[in-house]
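Content type compact mmCIF, C-alpha atoms, from the file start01.txt:
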```txt
# COMPACT_ATOMS: atom_id res chain seq x y z
CA MET Z 263 0.00 0.00 0.00
CA ARG Z 264 2.77 2.42 0.97
CA LEU Z 265 4.67 1.58 -2.25
CA LYS Z 266 1.61 2.35 -4.35
CA LEU Z 267 1.10 5.64 -2.53
CA LEU Z 268 4.77 6.53 -2.98
CA ILE Z 269 4.58 5.84 -6.72
CA THR Z 270 1.48 8.03 -6.98
CA ILE Z 271 3.12 10.91 -5.10
CA ILE Z 272 6.17 10.72 -7.39
CA CYS Z 273 3.92 10.71 -10.46
CA CYS Z 274 2.00 13.71 -9.06
CA CYS Z 275 5.26 15.61 -8.71
CA PHE Z 276 6.27 14.52 -12.21
CA TYR Z 277 3.06 15.79 -13.76
CA SER Z 278 3.03 19.05 -11.86
CA LYS Z 279 6.52 19.81 -13.25
CA THR Z 280 6.65 18.22 -16.69
CA SER Z 281 3.28 17.06 -17.98
CA ALA Z 282 1.95 20.48 -17.09
CA GLN Z 283 3.90 21.38 -20.23
CA ASP Z 284 1.57 21.57 -23.22
CA PRO Z 285 1.54 18.62 -25.64
CA ILE Z 286 3.35 19.38 -28.90
CA PHE Z 287 2.36 17.51 -32.04
CA THR Z 288 5.00 16.36 -34.51
CA GLN Z 289 2.58 17.25 -37.33
CA TYR Z 290 1.87 20.74 -35.95
CA PHE Z 291 2.43 22.26 -39.41
CA LEU Z 292 -0.56 20.28 -40.76
CA VAL Z 293 -2.82 21.55 -37.98
CA PRO Z 294 -1.21 24.83 -36.82
CA GLU Z 295 -4.36 25.62 -34.82
CA THR Z 296 -2.86 23.42 -32.10
CA LEU Z 297 -0.23 26.15 -31.57
CA ASN Z 298 -1.86 29.42 -32.50
CA PRO Z 299 -5.52 30.61 -32.62
CA GLY Z 300 -4.48 33.06 -35.35
CA PHE Z 301 -4.67 30.10 -37.76
CA SER Z 302 -8.45 29.78 -37.25
CA GLY Z 303 -10.05 29.75 -40.70
CA PHE Z 304 -6.59 30.11 -42.24
CA MET Z 305 -7.57 28.18 -45.38
CA GLU Z 306 -10.70 30.32 -45.77
CA THR Z 307 -12.95 27.29 -46.00
CA THR Z 308 -14.35 24.68 -43.63
CA TYR Z 309 -11.61 22.38 -42.36
CA THR Z 310 -11.91 19.55 -39.84
CA GLY Z 311 -9.83 16.67 -38.56
CA ILE Z 312 -8.33 14.62 -35.74
CA ILE Z 313 -4.78 13.84 -34.57
CA HIS Z 314 -3.89 10.90 -32.32
CA ARG Z 315 -0.51 10.76 -30.58
CA THR Z 316 0.99 7.84 -28.61
CA GLN Z 317 4.15 8.65 -26.64
CA TRP Z 318 6.63 6.15 -25.13
CA PRO Z 319 4.57 2.93 -25.59
CA GLN Z 320 7.41 0.74 -24.22
CA LEU Z 321 7.52 2.60 -20.91
CA ASP Z 322 5.07 2.29 -18.02
CA LEU Z 323 4.48 6.01 -18.48
CA LYS Z 324 2.61 5.73 -21.78
CA ILE Z 325 0.79 8.92 -22.81
CA ASP Z 326 -2.01 9.17 -25.39
CA THR Z 327 -3.18 12.52 -26.77
CA ASP Z 328 -6.09 13.30 -29.09
CA TYR Z 329 -6.98 16.60 -30.72
CA VAL Z 330 -10.27 17.07 -32.63
CA PHE Z 331 -11.11 20.33 -34.38
CA VAL Z 332 -13.33 22.07 -36.89
CA ASN Z 333 -12.67 25.54 -38.35
CA THR Z 334 -14.68 27.57 -40.82
CA TRP Z 335 -14.51 30.91 -42.60
CA SER Z 336 -17.04 33.74 -42.82
CA LYS Z 337 -16.46 35.92 -45.88
CA SER Z 338 -18.93 38.57 -44.73
CA MET Z 339 -17.18 38.88 -41.35
CA ASN Z 340 -13.70 38.46 -42.84
CA SER Z 341 -13.09 36.08 -39.94
CA GLY Z 342 -12.25 32.50 -39.08
CA MET Z 343 -13.76 30.63 -36.13
CA GLY Z 344 -13.84 27.14 -34.75
CA ILE Z 345 -13.88 24.76 -31.82
CA SER Z 346 -11.43 22.10 -30.65
CA ILE Z 347 -11.21 19.37 -28.01
CA LEU Z 348 -7.91 18.22 -26.49
CA ASN Z 349 -7.66 15.06 -24.39
CA GLN Z 350 -4.55 13.56 -22.79
CA ARG Z 351 -4.31 10.27 -20.83
CA GLU Z 352 -1.48 8.53 -18.94
CA ASN Z 353 -1.71 4.82 -18.14
CA GLN Z 354 0.30 4.62 -14.89
CA THR Z 355 -1.77 6.99 -12.73
CA ASN Z 356 -4.91 7.23 -14.93
CA PHE Z 357 -4.22 10.94 -15.28
CA ASN Z 358 -6.81 12.50 -17.61
CA TYR Z 359 -6.78 16.01 -19.03
CA THR Z 360 -9.55 17.43 -21.24
CA GLU Z 361 -10.01 20.94 -22.60
CA ILE Z 362 -12.67 22.41 -24.92
CA ASN Z 363 -11.76 25.62 -26.75
CA ALA Z 364 -13.51 28.19 -28.95
CA ASN Z 365 -11.27 30.25 -31.22
CA TYR Z 366 -11.63 33.33 -33.42
CA ALA Z 367 -9.31 35.14 -35.85
CA TYR Z 368 -9.74 38.28 -37.97
CA ARG Z 369 -7.94 38.90 -41.28
CA VAL Z 370 -6.37 42.29 -42.03
CA LYS Z 371 -4.70 43.09 -45.37
CA ILE Z 372 -1.62 45.20 -44.64
CA SER Z 373 -0.05 45.28 -48.14
CA ASP Z 374 -0.44 43.78 -51.60
CA ASP Z 375 1.23 40.56 -50.44
CA TRP Z 376 0.93 40.43 -46.64
CA TYR Z 377 -1.96 39.63 -44.31
CA PHE Z 378 -2.21 39.97 -40.53
CA ARG Z 379 -4.44 37.59 -38.55
CA PRO Z 380 -4.84 38.24 -34.79
CA GLY Z 381 -6.63 35.46 -32.92
CA LEU Z 382 -8.12 34.65 -29.52
CA GLU Z 383 -8.92 31.32 -27.87
CA ILE Z 384 -11.07 30.79 -24.77
CA GLY Z 385 -11.55 27.37 -23.22
CA PHE Z 386 -12.68 25.39 -20.25
CA GLY Z 387 -10.99 22.21 -19.07
CA PHE Z 388 -10.61 19.75 -16.24
CA LYS Z 389 -8.08 17.18 -15.13
CA SER Z 390 -8.22 14.14 -12.87
CA PHE Z 391 -5.69 11.75 -11.33
CA ALA Z 392 -8.25 9.05 -10.34
CA PHE Z 393 -7.19 9.28 -6.68
CA GLN Z 394 -10.32 7.33 -5.72
CA ASN Z 395 -8.51 4.14 -6.78
CA LEU Z 396 -5.91 4.56 -4.03
CA LEU Z 397 -6.00 2.71 -0.71
CA LEU Z 398 -4.90 5.15 2.00
CA GLU Z 399 -3.84 4.45 5.57
CA ASP Z 400 -6.91 5.90 7.31
CA GLN Z 401 -9.16 3.57 5.29
CA ILE Z 402 -7.69 0.47 6.93
CA ASN Z 403 -9.05 -0.75 10.27
CA ILE Z 404 -6.17 -2.81 11.74
CA ARG Z 405 -8.29 -4.32 14.50
CA ASN Z 406 -10.82 -6.13 12.36
CA GLY Z 407 -9.08 -5.97 8.95
CA SER Z 408 -11.92 -4.04 7.29
CA ILE Z 409 -11.46 -1.28 4.72
CA ASN Z 410 -13.53 1.91 4.81
CA SER Z 411 -14.64 3.44 1.54
CA SER Z 412 -14.15 7.03 2.78
CA SER Z 413 -11.02 8.94 3.74
CA VAL Z 414 -10.20 12.38 5.13
CA ASP Z 415 -7.22 12.71 2.80
CA PRO Z 416 -7.60 15.97 0.79
CA LEU Z 417 -6.44 14.27 -2.42
CA LEU Z 418 -9.62 12.20 -2.59
CA ARG Z 419 -11.80 15.26 -2.13
CA ASN Z 420 -10.03 17.06 -4.97
CA ASP Z 421 -9.87 14.30 -7.54
CA LYS Z 422 -11.01 16.59 -10.37
CA VAL Z 423 -9.98 20.19 -10.99
CA GLY Z 424 -11.69 22.55 -13.47
CA PHE Z 425 -10.28 25.74 -14.96
CA PHE Z 426 -10.74 28.45 -17.59
CA ASP Z 427 -8.00 29.15 -20.13
CA ILE Z 428 -7.24 32.16 -22.34
CA SER Z 429 -4.76 32.21 -25.24
CA ALA Z 430 -3.91 34.69 -27.98
CA GLY Z 431 -1.89 34.65 -31.16
CA MET Z 432 -1.14 36.37 -34.43
CA VAL Z 433 -0.07 35.28 -37.90
CA PHE Z 434 1.61 37.23 -40.70
CA ASN Z 435 1.42 35.51 -44.09
CA THR Z 436 1.81 35.77 -47.85
CA ASP Z 437 0.87 33.11 -50.41
CA ASP Z 438 4.05 31.14 -49.66
CA LEU Z 439 5.20 32.21 -46.20
CA TRP Z 440 3.74 32.44 -42.70
CA ILE Z 441 5.11 33.60 -39.37
CA GLY Z 442 3.11 32.91 -36.22
CA LEU Z 443 3.45 34.12 -32.64
CA SER Z 444 1.27 32.82 -29.79
CA MET Z 445 0.96 32.84 -25.99
CA LYS Z 446 -1.18 30.31 -24.13
CA HIS Z 447 -2.49 30.40 -20.53
CA LEU Z 448 -2.47 34.20 -20.29
CA ASN Z 449 -4.65 33.95 -17.18
CA THR Z 450 -1.94 31.77 -15.47
CA ARG Z 451 -4.53 29.26 -14.31
CA ASN Z 452 -4.10 27.33 -11.06
CA ILE Z 453 -3.31 23.63 -11.67
CA SER Z 454 -2.96 22.51 -8.03
CA PHE Z 455 -5.00 19.54 -6.78
CA ALA Z 456 -4.85 20.80 -3.18
CA GLU Z 457 -7.91 22.78 -2.12
CA GLU Z 458 -5.83 25.69 -0.80
CA GLY Z 459 -2.97 25.18 -3.24
CA ASN Z 460 -1.79 27.71 -5.78
CA VAL Z 461 0.36 26.35 -8.63
CA PRO Z 462 0.06 28.69 -11.64
CA LEU Z 463 0.67 27.09 -15.03
CA ASP Z 464 3.53 28.70 -16.90
CA THR Z 465 2.64 30.67 -20.02
CA PHE Z 466 3.38 28.79 -23.23
CA PHE Z 467 5.18 30.85 -25.89
CA SER Z 468 5.58 29.80 -29.53
CA LEU Z 469 7.25 31.41 -32.55
CA SER Z 470 6.78 29.35 -35.72
CA SER Z 471 7.21 29.81 -39.45
CA GLY Z 472 6.68 27.99 -42.72
CA TYR Z 473 7.90 28.62 -46.25
CA GLU Z 474 7.06 26.78 -49.47
CA PHE Z 475 8.72 27.14 -52.85
CA LEU Z 476 8.81 25.38 -56.20
CA PHE Z 477 11.89 23.22 -56.78
CA ALA Z 478 12.10 24.32 -60.40
CA ASP Z 479 12.64 27.95 -59.32
CA TYR Z 480 16.01 27.08 -57.77
CA ILE Z 481 17.35 23.79 -59.12
CA ASP Z 482 17.09 21.49 -62.12
CA VAL Z 483 14.18 19.11 -61.56
CA THR Z 484 15.31 16.42 -63.97
CA PHE Z 485 14.62 13.65 -61.44
CA PHE Z 486 11.38 15.14 -60.05
CA PRO Z 487 8.05 16.24 -61.52
CA TYR Z 488 8.02 19.94 -62.38
CA ALA Z 489 5.33 20.69 -59.73
CA THR Z 490 7.48 19.29 -56.89
CA ASN Z 491 7.54 21.71 -53.94
CA MET Z 492 9.79 22.10 -50.92
CA PHE Z 493 8.36 23.07 -47.54
CA LEU Z 494 10.54 24.36 -44.67
CA THR Z 495 9.32 24.93 -41.12
CA THR Z 496 10.68 26.05 -37.75
CA ASN Z 497 9.02 26.20 -34.36
CA TYR Z 498 10.53 27.63 -31.18
CA MET Z 499 8.66 26.98 -27.91
CA GLN Z 500 9.24 28.14 -24.35
CA GLN Z 501 7.31 27.21 -21.20
CA GLY Z 502 8.83 27.96 -17.82
CA ARG Z 503 12.48 26.89 -17.80
CA TYR Z 504 11.99 24.47 -20.69
CA ASN Z 505 12.44 25.35 -24.34
CA ARG Z 506 12.49 23.49 -27.63
CA LEU Z 507 13.38 24.27 -31.24
CA ASP Z 508 12.10 22.17 -34.17
CA ILE Z 509 13.65 22.56 -37.62
CA GLY Z 510 12.22 20.53 -40.50
CA GLY Z 511 11.58 20.20 -44.18
CA SER Z 512 9.61 18.08 -46.60
CA VAL Z 513 9.33 17.34 -50.30
CA LEU Z 514 5.82 17.73 -51.69
CA PHE Z 515 4.66 15.81 -54.73
CA GLU Z 516 1.19 16.03 -56.20
CA LYS Z 517 -0.46 13.67 -53.71
CA MET Z 518 2.29 12.69 -51.30
CA PHE Z 519 4.89 14.32 -49.08
CA PHE Z 520 7.91 13.04 -47.15
CA GLY Z 521 10.00 14.86 -44.60
CA ALA Z 522 11.87 15.00 -41.30
CA THR Z 523 12.18 17.33 -38.32
CA ALA Z 524 15.09 17.72 -35.91
CA VAL Z 525 13.94 18.38 -32.33
CA THR Z 526 16.48 20.24 -30.19
CA ASN Z 527 16.78 21.31 -26.57
CA PRO Z 528 18.70 24.63 -26.72
CA SER Z 529 18.87 25.15 -22.95
CA LYS Z 530 19.87 21.49 -22.31
CA ASN Z 531 17.75 21.22 -19.16
CA GLY Z 532 18.20 18.10 -17.06
CA ILE Z 533 21.04 15.77 -16.16
CA ASP Z 534 23.17 14.63 -19.12
CA SER Z 535 20.75 16.30 -21.51
CA GLN Z 536 21.82 16.78 -25.11
CA LEU Z 537 21.06 19.23 -27.88
CA LEU Z 538 19.34 16.81 -30.30
CA THR Z 539 16.55 14.90 -28.54
CA SER Z 540 14.78 13.22 -31.46
CA VAL Z 541 14.50 12.97 -35.24
CA ASN Z 542 10.88 12.98 -36.38
CA LEU Z 543 10.01 11.29 -39.67
CA PHE Z 544 6.68 11.96 -41.37
CA THR Z 545 4.80 11.22 -44.56
CA GLY Z 546 1.34 11.85 -45.92
CA LEU Z 547 -1.12 11.09 -48.67
CA GLN Z 548 -3.95 13.21 -50.03
CA TYR Z 549 -6.93 11.78 -51.89
CA GLU Z 550 -9.30 14.44 -53.19
CA LYS Z 551 -10.45 16.37 -50.04
CA LEU Z 552 -9.13 13.84 -47.53
CA ARG Z 553 -5.56 13.87 -46.17
CA LEU Z 554 -3.79 11.24 -44.07
CA GLY Z 555 -0.58 11.99 -42.16
CA LEU Z 556 1.73 9.58 -40.32
CA SER Z 557 4.81 10.33 -38.23
CA TYR Z 558 7.30 8.53 -35.98
CA ASP Z 559 9.74 10.19 -33.59
CA VAL Z 560 13.10 8.43 -33.22
CA ASN Z 561 14.47 9.08 -29.74
CA THR Z 562 18.14 10.19 -29.72
CA SER Z 563 18.37 11.07 -26.01
CA LYS Z 564 19.66 8.88 -23.16
CA MET Z 565 16.20 7.82 -21.99
CA GLY Z 566 16.70 4.30 -23.34
CA ARG Z 567 14.10 2.18 -25.12
CA THR Z 568 10.91 4.26 -25.12
CA GLY Z 569 9.22 2.95 -28.25
CA GLY Z 570 9.32 6.45 -29.73
CA VAL Z 571 6.27 8.55 -30.51
CA TYR Z 572 3.59 7.75 -33.09
CA GLU Z 573 1.11 10.16 -34.63
CA LEU Z 574 -1.77 9.61 -37.03
CA SER Z 575 -3.74 12.52 -38.48
CA LEU Z 576 -6.84 12.58 -40.66
CA THR Z 577 -8.18 15.86 -42.03
CA TYR Z 578 -10.87 16.92 -44.49
CA GLN Z 579 -11.01 20.20 -46.45
CA PHE Z 580 -14.43 21.00 -47.90
CA ASN Z 581 -13.30 23.34 -50.68
CA MET Z 582 -10.08 22.48 -52.54
CA ASP Z 583 -10.23 25.59 -54.71
CA VAL Z 584 -8.63 27.66 -51.94
CA LYS Z 585 -4.97 27.42 -50.90
CA CYS Z 586 -3.57 26.42 -47.56
CA PHE Z 587 -0.83 29.05 -47.30
CA GLY Z 588 2.49 27.50 -46.42
CA CYS Z 589 1.39 23.94 -45.62
CA PRO Z 590 1.42 20.72 -47.71
CA ASN Z 591 -2.23 20.52 -48.51
CA TYR Z 592 -2.88 20.84 -52.20
CA ILE Z 593 -3.01 18.70 -55.29
CA GLY Z 594 -0.60 20.66 -57.45
CA LYS Z 595 -0.48 24.43 -57.88
```
For this file, write the structure as structure tokens.
Amino acid sequence: MRLKLLITIICCCFYSKTSAQDPIFTQYFLVPETLNPGFSGFMETTYTGIIHRTQWPQLDLKIDTDYVFVNTWSKSMNSGMGISILNQRENQTNFNYTEINANYAYRVKISDDWYFRPGLEIGFGFKSFAFQNLLLEDQINIRNGSINSSSVDPLLRNDKVGFFDISAGMVFNTDDLWIGLSMKHLNTRNISFAEEGNVPLDTFFSLSSGYEFLFADYIDVTFFPYATNMFLTTNYMQQGRYNRLDIGGSVLFEKMFFGATAVTNPSKNGIDSQLLTSVNLFTGLQYEKLRLGLSYDVNTSKMGRTGGVYELSLTYQFNMDVKCFGCPNYIGK
């Protein structure tokens, strides 16, 4: 009993320090709404999809994350809007985190080529550690060996915590380039499970960019179709003392794309941490309005055999006549 309680306490400390960090998707460039509400309605049509992520399946600390979204565009309002649901689960402690968000972005034309899209996201969420499954000391009656169903431990009375969340972002874009800046948890919500506790969640900061160009504009495309495109992306993230920089690129054919991303830890937080933490491989296939994406993160750190990270995305774009600026989403140009 004491061992189980000790493991739970350690996991609680782990989640309050690390899993309080926002989940980052390897395929963030396919669904940039996960990072920045300024991308709401970015394609100026209705766009919906789901991403599933499984992290470290060979460890006891397996984490599953799902993100479901739908965005649409209002031409009369010159605005994009949408809703999303994020759910995260961990198998060791039955930790569960769910958040429902509503997002809005407005498009402003600032020059012949550039647009500015400020966005706002407001959500409500809750998290639970399933403390009711624990057997605590005051539930055991040593004299007769019986177990009481109730306990005075404050953890059991605060099994579920609810909260409001506010995020903001902005995007600058042309037909081939976008630069996004976002800040999540502006209201520094309290994530403590203790009734009188006060543990504010660190603000999440992201600076991302994407650029797409035609191969034929720069090199001889003898071995590739003329319409082959190259897509480059970067994403810097900071939350508390932790930061991360992703640098990636992909080759885009008419209906398929292949690419890789290098994930780095610039601050090298932690014992024996290293600059390169993983190499993320991804590929995708588009059939008419439906797009399927698959990625696998190869761990390069000293964590040992984790099983890597898998992601599967499925998205649907209702109108293919419009462009997705700076992301691999079209069937030719």
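Each of Z:Ala478, Z:Ile325, Z:Val332, Z:Ala364 was compared to Z:Tyr578 using all atoms listed in the file, and Z:Val332 turns out to be the nearest.
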Notebook entry, point to check: Using only C-alpha atoms, which residue out of Z:Thr307, Z:Gln501, Z:Ser529, Z:Asn358 lies closest to Z:Lys337?
Noted result: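 Result for the nearest residue to Z:Lys337: Z:Thr307.
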Check: Separation of atom CA of Z:Ser444 and atom CA of Z:Arg553, in Å?
Finding: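 Separating atom CA of Z:Ser444 from atom CA of Z:Arg553 is a distance of 26.0 Å.
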Notebook entry, point to check: Z:Ser373: which residues within 12 Å, counting all atoms listed in the file, same-chain residues fewer than 3 positions away excluded, as a ChimeraX atom specification?
Noted result: /Z:370,376-378,434-436
Next item on the list: Would you work out the distance separating atom CA of Z:Asn353 from atom CA of Z:Tyr329, expressed in Å to one decimal?
Entry: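 The value is 18.0 Å.
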Margin query: As an exercise, work out the distance from atom CA of Z:Gln289 to atom CA of Z:Phe388 in Å and give it to one decimal place.
Written below: 25.0 Å
Next item on the list: Rank Z:Gln354, Z:Ser336, Z:Asn365, Z:Gln579 by their smallest atom-to-atom distance to Z:Ile384, using all atoms listed in the file, and report the top residue only.
Entry: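 Ranking Z:Gln354, Z:Ser336, Z:Asn365, Z:Gln579 by distance to Z:Ile384, first place goes to Z:Asn365.
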Next item on the list: Using all atoms listed in the file, determine which residues lie at most 6 Å from Z:Ser540, disregarding the query and same-chain residues fewer than 2 positions distant; provide the list as a PyMOL selection string.
Entry: chain Z and resi 525+538+560-562
Write out the residues from the selection above, keeping C-alpha atoms, as a PDB file, in the frame of the given file.
```pdb
ATOM      1  CA  VAL Z 525      13.940  18.380 -32.330  1.00  0.00           C
ATOM      2  CA  LEU Z 538      19.340  16.810 -30.300  1.00  0.00           C
ATOM      3  CA  VAL Z 560      13.100   8.430 -33.220  1.00  0.00           C
ATOM      4  CA  ASN Z 561      14.470   9.080 -29.740  1.00  0.00           C
ATOM      5  CA  THR Z 562      18.140  10.190 -29.720  1.00  0.00           C
TER       6      THR Z 562
END
```
Next item on the list: Would you mind listing what lies within 8 Å of Z:Gly546 as a list in words, with all atoms listed in the file counted and same-chain residues fewer than 6 positions away left out?
Entry: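 In the requested format, the answer is Met518, Phe519, Phe520, Arg553, Leu554, Gly555 and Leu556 of chain Z.
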At a cut-off of 8 Å, using only C-alpha atoms, what residues contact stretch 314-317 of chain Z? Leave out same-chain residues fewer than 4 positions from it and give the result as a PDB file with C-alpha atoms, in the frame of the given file.
```pdb
ATOM      1  CA  PHE Z 287       2.360  17.510 -32.040  1.00  0.00           C
ATOM      2  CA  LYS Z 324       2.610   5.730 -21.780  1.00  0.00           C
ATOM      3  CA  ILE Z 325       0.790   8.920 -22.810  1.00  0.00           C
ATOM      4  CA  ASP Z 326      -2.010   9.170 -25.390  1.00  0.00           C
ATOM      5  CA  THR Z 327      -3.180  12.520 -26.770  1.00  0.00           C
ATOM      6  CA  ASP Z 328      -6.090  13.300 -29.090  1.00  0.00           C
ATOM      7  CA  TYR Z 329      -6.980  16.600 -30.720  1.00  0.00           C
ATOM      8  CA  GLY Z 569       9.220   2.950 -28.250  1.00  0.00           C
ATOM      9  CA  GLY Z 570       9.320   6.450 -29.730  1.00  0.00           C
ATOM     10  CA  VAL Z 571       6.270   8.550 -30.510  1.00  0.00           C
ATOM     11  CA  TYR Z 572       3.590   7.750 -33.090  1.00  0.00           C
ATOM     12  CA  GLU Z 573       1.110  10.160 -34.630  1.00  0.00           C
ATOM     13  CA  LEU Z 574      -1.770   9.610 -37.030  1.00  0.00           C
ATOM     14  CA  SER Z 575      -3.740  12.520 -38.480  1.00  0.00           C
TER      15      SER Z 575
END
```
